[in-house]
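One file, model.cif, is given below (mmCIF, C-alpha atoms).
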data_final
#
loop_
_atom_site.label_atom_id
_atom_site.label_comp_id
_atom_site.auth_asym_id
_atom_site.auth_seq_id
_atom_site.Cartn_x
_atom_site.Cartn_y
_atom_site.Cartn_z
CA MET A 1 68.32 -73.83 69.46
CA ASP A 2 65.91 -76.50 68.50
CA TYR A 3 63.36 -73.84 67.65
CA VAL A 4 65.75 -72.05 65.32
CA GLU A 5 66.73 -75.26 63.55
CA GLN A 6 63.12 -76.33 63.29
CA ARG A 7 62.08 -72.93 61.85
CA MET A 8 64.90 -73.03 59.28
CA ALA A 9 63.87 -76.49 58.18
CA GLN A 10 60.26 -75.33 57.75
CA GLU A 11 61.29 -72.35 55.63
CA ALA A 12 63.55 -74.52 53.50
CA ALA A 13 60.78 -77.00 52.92
CA LYS A 14 58.29 -74.36 51.74
CA PRO A 15 57.66 -74.52 48.03
CA THR A 16 58.74 -71.28 46.29
CA GLU A 17 56.99 -70.01 43.23
CA ALA A 18 59.25 -68.96 40.41
CA SER A 19 56.91 -66.12 39.52
CA ASP A 20 57.34 -64.49 42.95
CA SER A 21 61.12 -64.39 42.80
CA LEU A 22 61.22 -63.30 39.15
CA PHE A 23 58.96 -60.28 39.35
CA THR A 24 60.66 -58.20 42.00
CA PRO A 25 60.72 -54.41 41.61
CA LEU A 26 64.45 -54.51 40.90
CA ASN A 27 64.06 -57.06 38.12
CA ILE A 28 61.20 -55.11 36.56
CA GLY A 29 63.33 -51.91 36.57
CA LEU A 30 66.28 -53.70 34.98
CA LEU A 31 64.03 -55.22 32.33
CA ALA A 32 62.58 -51.80 31.48
CA LEU A 33 66.08 -50.34 31.16
CA LEU A 34 67.16 -53.21 28.90
CA VAL A 35 64.11 -52.76 26.64
CA TYR A 36 64.65 -48.99 26.39
CA THR A 37 68.35 -49.38 25.53
CA ALA A 38 67.61 -51.99 22.88
CA TYR A 39 64.89 -49.80 21.38
CA SER A 40 67.22 -46.77 21.31
CA PHE A 41 69.93 -48.64 19.44
CA LEU A 42 67.68 -50.48 17.00
CA PHE A 43 65.32 -47.67 16.08
CA LYS A 44 67.51 -44.59 16.01
CA SER A 45 65.82 -41.61 14.48
CA SER A 46 67.21 -40.98 11.00
CA SER A 47 65.88 -37.43 11.16
CA ALA A 48 68.64 -36.42 13.58
CA ALA A 49 70.82 -33.76 12.01
CA PRO A 50 74.35 -34.89 11.24
CA ILE A 51 77.08 -33.31 13.27
CA ALA A 52 78.35 -30.25 11.44
CA LEU A 53 82.03 -29.44 11.71
CA PRO A 54 82.99 -25.77 11.94
CA LYS A 55 83.87 -24.13 8.65
CA GLU A 56 87.54 -24.09 7.89
CA GLN A 57 88.96 -20.61 7.65
CA PRO A 58 90.20 -19.66 4.18
CA PRO A 59 93.95 -19.58 3.88
CA VAL A 60 95.52 -16.18 4.50
CA VAL A 61 98.29 -15.04 2.23
CA PHE A 62 101.06 -12.97 3.78
CA ARG A 63 100.88 -9.56 2.20
CA THR A 64 102.20 -6.05 2.48
CA PHE A 65 99.91 -3.34 3.87
CA THR A 66 100.13 0.42 3.97
CA PRO A 67 98.16 2.33 6.62
CA ARG A 68 95.49 3.09 4.00
CA THR A 69 95.17 -0.53 2.75
CA LEU A 70 95.02 -1.80 6.34
CA LEU A 71 92.16 0.53 7.29
CA PRO A 72 89.28 -1.55 5.79
CA TYR A 73 90.23 -4.52 8.00
CA ASN A 74 88.39 -3.13 11.00
CA GLY A 75 85.73 -5.83 11.35
CA GLU A 76 82.93 -3.86 9.72
CA ASN A 77 80.95 -5.12 6.71
CA GLY A 78 82.01 -8.72 7.34
CA MET A 79 85.71 -7.94 7.00
CA PRO A 80 88.30 -9.60 9.26
CA VAL A 81 89.92 -7.60 12.06
CA TYR A 82 93.62 -6.80 11.58
CA LEU A 83 95.90 -4.54 13.57
CA ALA A 84 99.60 -3.75 13.31
CA VAL A 85 102.22 -3.79 16.03
CA ARG A 86 105.73 -2.61 15.16
CA GLY A 87 105.27 -3.34 11.47
CA ARG A 88 103.69 -6.80 11.87
CA VAL A 89 100.02 -7.16 10.91
CA PHE A 90 98.04 -9.60 13.08
CA ASP A 91 94.69 -11.20 12.30
CA VAL A 92 92.81 -10.63 15.56
CA THR A 93 89.43 -11.69 14.17
CA ARG A 94 89.15 -14.41 16.84
CA GLY A 95 89.22 -11.57 19.38
CA ARG A 96 86.48 -9.62 17.57
CA ASN A 97 84.74 -8.93 20.90
CA PHE A 98 87.81 -6.92 21.98
CA TYR A 99 89.16 -5.51 18.70
CA GLY A 100 86.08 -5.41 16.48
CA PRO A 101 83.32 -2.81 16.31
CA GLY A 102 82.05 -1.91 19.77
CA GLY A 103 84.99 -3.55 21.57
CA PRO A 104 87.27 -1.75 24.02
CA TYR A 105 90.18 -1.80 21.54
CA ALA A 106 88.05 -1.08 18.46
CA ASN A 107 89.93 2.10 17.55
CA PHE A 108 93.05 -0.04 16.93
CA ALA A 109 91.28 -2.24 14.35
CA GLY A 110 92.66 -1.66 10.87
CA ARG A 111 95.37 0.62 12.26
CA ASP A 112 98.91 0.65 13.66
CA ALA A 113 98.29 0.11 17.37
CA SER A 114 101.95 0.31 18.44
CA ARG A 115 101.94 3.70 20.18
CA GLY A 116 98.61 3.17 21.94
CA LEU A 117 99.61 -0.26 23.27
CA ALA A 118 103.02 1.03 24.39
CA CYS A 119 101.48 3.98 26.24
CA GLY A 120 98.53 2.01 27.59
CA SER A 121 96.14 4.48 25.99
CA PHE A 122 93.22 3.72 23.74
CA ASP A 123 92.59 7.32 22.72
CA GLU A 124 92.34 8.46 19.13
CA GLU A 125 95.39 10.70 19.65
CA MET A 126 97.55 7.58 19.79
CA LEU A 127 96.72 6.76 16.15
CA THR A 128 98.58 8.16 13.17
CA LYS A 129 96.42 10.80 11.51
CA ASP A 130 98.22 10.95 8.15
CA LEU A 131 97.62 7.57 6.50
CA ASP A 132 99.82 8.49 3.55
CA GLY A 133 102.72 9.80 5.66
CA PRO A 134 105.62 7.98 7.26
CA LEU A 135 105.06 5.27 9.85
CA ASP A 136 105.48 6.14 13.52
CA THR A 137 109.10 5.33 14.46
CA LEU A 138 108.26 5.28 18.20
CA ALA A 139 111.64 6.98 18.78
CA ASP A 140 110.27 9.18 21.57
CA LEU A 141 109.06 6.26 23.71
CA GLY A 142 110.86 5.42 26.93
CA ARG A 143 112.26 2.09 28.04
CA ASP A 144 109.14 1.16 30.07
CA GLU A 145 106.85 1.93 27.15
CA MET A 146 109.00 -0.14 24.78
CA GLU A 147 108.92 -3.06 27.24
CA ALA A 148 105.13 -2.78 27.46
CA LEU A 149 104.94 -2.79 23.67
CA GLN A 150 107.20 -5.83 23.49
CA GLY A 151 104.89 -7.63 25.94
CA TRP A 152 101.89 -6.85 23.74
CA GLU A 153 103.75 -8.00 20.64
CA GLU A 154 104.70 -11.29 22.30
CA ARG A 155 101.11 -11.83 23.41
CA PHE A 156 99.83 -11.22 19.89
CA SER A 157 102.50 -13.51 18.42
CA GLU A 158 101.42 -16.34 20.73
CA LYS A 159 97.72 -15.90 20.17
CA TYR A 160 97.18 -14.57 16.63
CA LEU A 161 98.40 -15.25 13.13
CA VAL A 162 100.73 -12.76 11.42
CA VAL A 163 99.14 -12.01 8.03
CA GLY A 164 101.44 -9.33 6.71
CA LYS A 165 103.70 -6.40 7.32
CA LEU A 166 102.99 -2.69 7.51
CA VAL A 167 105.10 -0.38 5.33
CA PRO A 168 104.85 3.30 4.47
CA VAL A 169 103.13 4.43 1.28
CA GLY A 170 105.48 4.06 -1.69
CA GLN A 171 107.35 1.06 -0.27
CA GLU A 172 104.73 -1.58 -1.00
CA ASP A 173 106.69 -3.19 -3.82
CA LYS A 174 110.10 -3.01 -2.15
CA GLU A 175 111.23 -6.17 -0.46
#

Same coordinates, now as structure tokens:
Amino acid sequence: MDYVEQRMAQEAAKPTEASDSLFTPLNIGLLALLVYTAYSFLFKSSSAAPIALPKEQPPVVFRTFTPRTLLPYNGENGMPVYLAVRGRVFDVTRGRNFYGPGGPYANFAGRDASRGLACGSFDEEMLTKDLDGPLDTLADLGRDEMEALQGWEERFSEKYLVVGKLVPVGQEDKE
């Protein structure tokens, strides 16, 4: 034990240089980090572009559509994408990838999609051909098809804004 005590006393008596203990690799790394952080805060680049908020959508006024006046709202030529379900017109522009040009439901854009959604068919035959005729009453649909349509309508109501109602030609001004 005498050796251990003697060795500890020798080490304690050794003069230590302040420069040796100050310039350790850890201290040099911390100093570099401190200098970089200070430089970043003090000399921020003023050329950085300000954060741009997304453009606010223009307000949409609830309006009355006929099949013919709804038709231009198919997402082409910069127009929004609307579709009707059981007389309610929804703005589905946020889902342009699905309902806009080139999307799987594109044939419903600007049209009454009720029959096609109820039947689970995206064919052109599901769309009303006569845009100036009466609206499809869906009277020939079965219970399962009406339930499917109700599910679609609920999904649209939760996700998209109702921007109007669909009425037959000649009833635009009636309320």

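Nearest to Leu135 (chain A) of all the residues A:Asp173, A:Ala84, A:Tyr160, A:Leu117 is A:Ala84, based on only C-alpha atoms.
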
Residues selected by the PyMOL selection byres ((chain A and resi 116) around 10), written as number ranges by chain:
A: 85, 105, 107-108, 112-115, 117-127, 145, 149

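For the choices A:Ala109, A:Ala139, A:Val89, A:Ile28, the atom-to-atom distance to Val162 (chain A) is smallest for A:Val89 when using all atoms listed in the file.
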
One decimal place gives the CA of Glu76 (chain A)-CA of Glu154 (chain A) separation as 26.2 Å

Atom pair CA of Leu141 (chain A) + CA of Lys129 (chain A), distance 18.1 Å

Problem - Selection result of the PyMOL selection byres ((chain A and resi 67) around 10) on this file, as a ChimeraX atom specification - result: /A:65-66,68-72,84,110-112,128-135,166-169

Could you dump the residues just selected with C-alpha atoms as a PDB file, keeping the file's coordinate frame?
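Result written to again-v1.pdb:
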ATOM      1  CA  PHE A  65      99.910  -3.340   3.870  1.00  0.00           C
ATOM      2  CA  THR A  66     100.130   0.420   3.970  1.00  0.00           C
ATOM      3  CA  ARG A  68      95.490   3.090   4.000  1.00  0.00           C
ATOM      4  CA  THR A  69      95.170  -0.530   2.750  1.00  0.00           C
ATOM      5  CA  LEU A  70      95.020  -1.800   6.340  1.00  0.00           C
ATOM      6  CA  LEU A  71      92.160   0.530   7.290  1.00  0.00           C
ATOM      7  CA  PRO A  72      89.280  -1.550   5.790  1.00  0.00           C
ATOM      8  CA  ALA A  84      99.600  -3.750  13.310  1.00  0.00           C
ATOM      9  CA  GLY A 110      92.660  -1.660  10.870  1.00  0.00           C
ATOM     10  CA  ARG A 111      95.370   0.620  12.260  1.00  0.00           C
ATOM     11  CA  ASP A 112      98.910   0.650  13.660  1.00  0.00           C
ATOM     12  CA  THR A 128      98.580   8.160  13.170  1.00  0.00           C
ATOM     13  CA  LYS A 129      96.420  10.800  11.510  1.00  0.00           C
ATOM     14  CA  ASP A 130      98.220  10.950   8.150  1.00  0.00           C
ATOM     15  CA  LEU A 131      97.620   7.570   6.500  1.00  0.00           C
ATOM     16  CA  ASP A 132      99.820   8.490   3.550  1.00  0.00           C
ATOM     17  CA  GLY A 133     102.720   9.800   5.660  1.00  0.00           C
ATOM     18  CA  PRO A 134     105.620   7.980   7.260  1.00  0.00           C
ATOM     19  CA  LEU A 135     105.060   5.270   9.850  1.00  0.00           C
ATOM     20  CA  LEU A 166     102.990  -2.690   7.510  1.00  0.00           C
ATOM     21  CA  VAL A 167     105.100  -0.380   5.330  1.00  0.00           C
ATOM     22  CA  PRO A 168     104.850   3.300   4.470  1.00  0.00           C
ATOM     23  CA  VAL A 169     103.130   4.430   1.280  1.00  0.00           C
TER      24      VAL A 169
END

So which residues are close to (85.6, -2.3, 14.2), meaning at most 12 Å away in the file's coordinates with all atoms listed in the file counted, and can you show them as a PyMOL selection string?
-> chain A and resi 71-83+92-93+95-111

Between CA of Arg86 (chain A) and CA of Asp144 (chain A) lies a distance of 15.8 Å

- prompt: What would the list of residues within 9 Å of (108.8, -9.6, 6.6) (file frame) look like as a count of residues only, if only C-alpha atoms are what count?
  reply: 7
